[in-house]
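S.K.: This is work-v1.txt (compact mmCIF, C-alpha atoms).
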# COMPACT_ATOMS: atom_id res chain seq x y z
CA MET A 1 -131.26 159.80 52.77
CA LEU A 2 -129.63 159.05 49.43
CA CYS A 3 -130.40 160.68 46.09
CA VAL A 4 -128.51 160.22 42.82
CA SER A 5 -128.85 161.96 39.48
CA LEU A 6 -127.44 161.33 36.03
CA LEU A 7 -127.01 164.14 33.52
CA ILE A 8 -126.21 163.11 29.94
CA TYR A 9 -124.75 165.77 27.66
CA GLY A 10 -122.90 166.21 24.39
CA GLY A 11 -122.74 163.58 21.70
CA LEU A 12 -124.35 164.05 18.32
CA ALA A 13 -127.20 166.05 19.88
CA GLY A 14 -124.77 168.19 21.87
CA GLY A 15 -126.85 171.36 21.77
CA LEU A 16 -129.93 169.80 23.32
CA GLN A 17 -130.37 170.30 27.06
CA ARG A 18 -131.79 167.14 28.58
CA PRO A 19 -133.16 166.95 32.11
CA PRO A 20 -131.27 164.74 34.56
CA HIS A 21 -132.52 161.30 35.53
CA VAL A 22 -133.06 161.28 39.29
CA VAL A 23 -133.47 158.48 41.83
CA ASP A 24 -134.55 159.33 45.37
CA ALA A 25 -133.88 156.33 47.58
CA ALA A 26 -136.80 157.30 49.83
CA GLN A 27 -139.12 156.35 46.96
CA LEU A 28 -137.58 152.90 46.48
CA SER A 29 -138.25 149.49 47.97
CA ALA A 30 -135.84 148.29 50.65
CA ARG A 31 -134.26 145.91 48.11
CA ASP A 32 -133.70 148.69 45.58
CA GLN A 33 -132.32 150.97 48.30
CA GLN A 34 -129.71 148.35 49.18
CA GLN A 35 -128.83 147.81 45.54
CA LEU A 36 -128.44 151.57 44.98
CA LEU A 37 -126.22 151.91 48.05
CA HIS A 38 -124.04 149.03 46.83
CA LEU A 39 -123.68 150.61 43.36
CA VAL A 40 -122.83 154.02 44.85
CA GLN A 41 -120.20 152.46 47.11
CA ALA A 42 -118.70 150.61 44.14
CA LEU A 43 -118.38 153.89 42.19
CA GLN A 44 -116.89 155.69 45.18
CA ALA A 45 -114.32 152.90 45.57
CA SER A 46 -113.46 152.87 41.86
CA PRO A 47 -114.10 156.25 40.21
CA PRO A 48 -113.45 156.71 36.48
CA PRO A 49 -110.30 158.51 35.36
CA PRO A 50 -110.59 162.29 34.96
CA VAL A 51 -112.20 163.59 31.78
CA THR A 52 -109.61 165.48 29.76
CA SER A 53 -110.11 168.51 27.58
CA PRO A 54 -111.66 168.13 24.11
CA GLY A 55 -109.52 166.50 21.51
CA GLN A 56 -109.97 162.89 20.61
CA GLY A 57 -113.65 162.11 20.71
CA ARG A 58 -115.13 165.61 20.60
CA ASP A 59 -118.51 164.11 19.73
CA LEU A 60 -118.53 161.72 22.67
CA GLN A 61 -121.44 161.68 25.04
CA GLY A 62 -120.64 162.88 28.56
CA TYR A 63 -122.16 161.73 31.84
CA LEU A 64 -122.28 163.39 35.24
CA ILE A 65 -123.43 161.43 38.28
CA THR A 66 -124.23 163.44 41.40
CA ILE A 67 -124.57 161.63 44.72
CA GLU A 68 -126.26 163.38 47.62
CA GLN A 69 -126.28 161.72 51.04
CA ALA A 70 -127.66 163.23 54.23
CA GLY A 71 -124.94 164.87 56.28
CA LYS A 72 -122.34 164.76 53.49
CA ALA A 73 -121.27 167.17 50.77
CA PRO A 74 -122.54 166.20 47.31
CA GLU A 75 -120.12 164.13 45.23
CA GLN A 76 -119.85 164.33 41.46
CA PHE A 77 -118.33 161.80 39.10
CA GLU A 78 -117.87 162.65 35.43
CA ALA A 79 -117.03 160.39 32.51
CA ASN A 80 -117.54 160.10 28.78
CA ASP A 81 -117.90 157.19 26.39
CA LEU A 82 -114.14 156.57 26.51
CA THR A 83 -113.48 157.05 30.23
CA ARG A 84 -116.43 155.46 32.02
CA ASN A 85 -115.48 152.32 33.86
CA GLN A 86 -117.65 149.37 34.89
CA ALA A 87 -118.78 150.87 38.21
CA PHE A 88 -119.77 154.13 36.49
CA ALA A 89 -121.53 152.37 33.61
CA THR A 90 -123.45 150.03 35.92
CA LEU A 91 -124.72 152.86 38.14
CA SER A 92 -125.56 154.99 35.08
CA GLN A 93 -127.69 152.22 33.59
CA TRP A 94 -129.39 151.58 36.93
CA ILE A 95 -130.30 155.27 37.23
CA LEU A 96 -131.67 155.26 33.68
CA ASN A 97 -133.80 152.20 34.49
CA LYS A 98 -135.09 153.36 37.88
CA GLY A 99 -134.98 157.16 37.64
CA SER A 100 -137.40 159.81 36.49
CA THR A 101 -136.83 163.03 34.59
CA GLY A 102 -139.81 164.96 35.90
CA GLY A 103 -138.51 165.99 39.28
CA GLY A 104 -135.36 167.89 38.36
CA ALA A 105 -132.25 167.42 40.47
CA CYS A 106 -132.01 165.80 43.89
Would it be possible to restate this file's structure as structure tokens?
M.R.:
Amino acid sequence: MLCVSLLIYGGLAGGLQRPPHVVDAAQLSARDQQQLLHLVQALQASPPPPVTSPGQGRDLQGYLITIEQAGKAPEQFEANDLTRNQAFATLSQWILNKGSTGGGAC
């Protein structure tokens, strides 16, 4: 099945460790499963540019999306407030809206 997680780090509260937001597709309606799959495919087709070393924007918030699909190696996509593109931002927001923080990682 499909499971995605979003870890948010850095920013003004950089020292705080926040749990990831996790969405397990097995817990979703068929409609939400299709929407999640579409968003994941959009990110895979258009990943954000690589995050560079600190410099400009040291206090930016960072985001790490992990995608786990049955039979495939996990994929990770990383971005920050300057580098996240539309596909990354849309999936991030969807995970925040649909995910939970109680279950840990996928």
S.K.: Taking all atoms listed in the file into account, name the residue in A:Thr90, A:Thr83, A:Ser100, A:Thr52 that is nearest to Leu7 of chain A.
M.R.: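 Of all the options, A:Ser100 lies closest to Leu7 of chain A.
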S.K.: Rank A:Leu39, A:Ala73, A:Val23, A:Ala79 by their smallest atom-to-atom distance to Leu91 of chain A, using all atoms listed in the file, and report the top residue only.
M.R.: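 Residue with the minimum atom-to-atom distance to Leu91 of chain A: A:Leu39.
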S.K.: Where's the centre, and what are the edge lengths in Å to one decimal, of a box along x, y and z enclosing all listed atoms of segment 98-103 of chain A padded 4 Å per side, as lines of an AutoDock Vina configuration file?
M.R.:
center_x = -137.4
center_y = 159.7
center_z = 36.9
size_x = 12.8
size_y = 20.6
size_z = 12.7
S.K.: Between atom CA of Leu37 of chain A and atom CA of Ala25 of chain A, what is the spacing in Å?
M.R.: 8.9 Å
S.K.: With only C-alpha atoms as the counted atoms, please give the residues lying no more than 12 Å from Leu43 of chain A, apart from itself and same-chain residues fewer than 5 positions off, as a PyMOL selection string.
M.R.: chain A and resi 4+36-38+48-49+65-67+75-79+84-92
S.K.: Go through A:Leu82, A:Leu96, A:Ala26, A:Ala45 and flag the residue nearest Asp59 of chain A, using all atoms listed in the file for the distances.
M.R.: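 Once distances to Asp59 of chain A are computed over all atoms listed in the file, the minimum belongs to A:Leu82.
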S.K.: Set the distance at 7 Å and use only C-alpha atoms: which residues neighbour Leu2 of chain A once local chain neighbours fewer than 3 positions away are removed? I'd like the list as a PyMOL selection string.
M.R.: chain A and resi 24-25+68-70
S.K.: Determine the nearest neighbour of Asp32 of chain A from the options A:Ile95, A:Cys106, A:Leu60, A:Leu6, counting all atoms listed in the file.
M.R.: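 Residue with the minimum atom-to-atom distance to Asp32 of chain A: A:Ile95.
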S.K.: Residues near Lys98 of chain A, anyone? I mean within 9 Å using only C-alpha atoms, not counting same-chain ones fewer than 5 positions away, as a list in words.
M.R.: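 Skipping anything fewer than 5 positions along the chain leaves His21, Val22, Val23, Leu28 and Gln93 of chain A.
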S.K.: Grab the residues selected above and save them as a CSV table (one decimal), in the coordinates of the input with C-alpha atoms.
M.R.:
chain,number,residue,atom,x,y,z
A,21,HIS,CA,-132.5,161.3,35.5
A,22,VAL,CA,-133.1,161.3,39.3
A,23,VAL,CA,-133.5,158.5,41.8
A,28,LEU,CA,-137.6,152.9,46.5
A,93,GLN,CA,-127.7,152.2,33.6
S.K.: What does the structure give for the distance between atom CA of Ile8 of chain A and atom CA of Gly71 of chain A, in Å to one decimal?
M.R.: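 A separation of 26.4 Å between them.
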S.K.: Can you tell me how far atom CA of Pro20 of chain A sits from atom CA of Asn97 of chain A, in Å to one decimal?
M.R.: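 That distance, rounded to one decimal, is 12.8 Å.
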S.K.: Could you tell me which of A:Met1, A:Thr101, A:Arg18, A:Ala30 comes closest to Tyr63 of chain A if we count only C-alpha atoms?
M.R.: A:Arg18
S.K.: Which is closer to Asp81 of chain A than all the others in A:Cys3, A:Gly99, A:Pro19, A:Gly62, using only C-alpha atoms?
M.R.: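 The answer is A:Gly62, which sits nearest to Asp81 of chain A.
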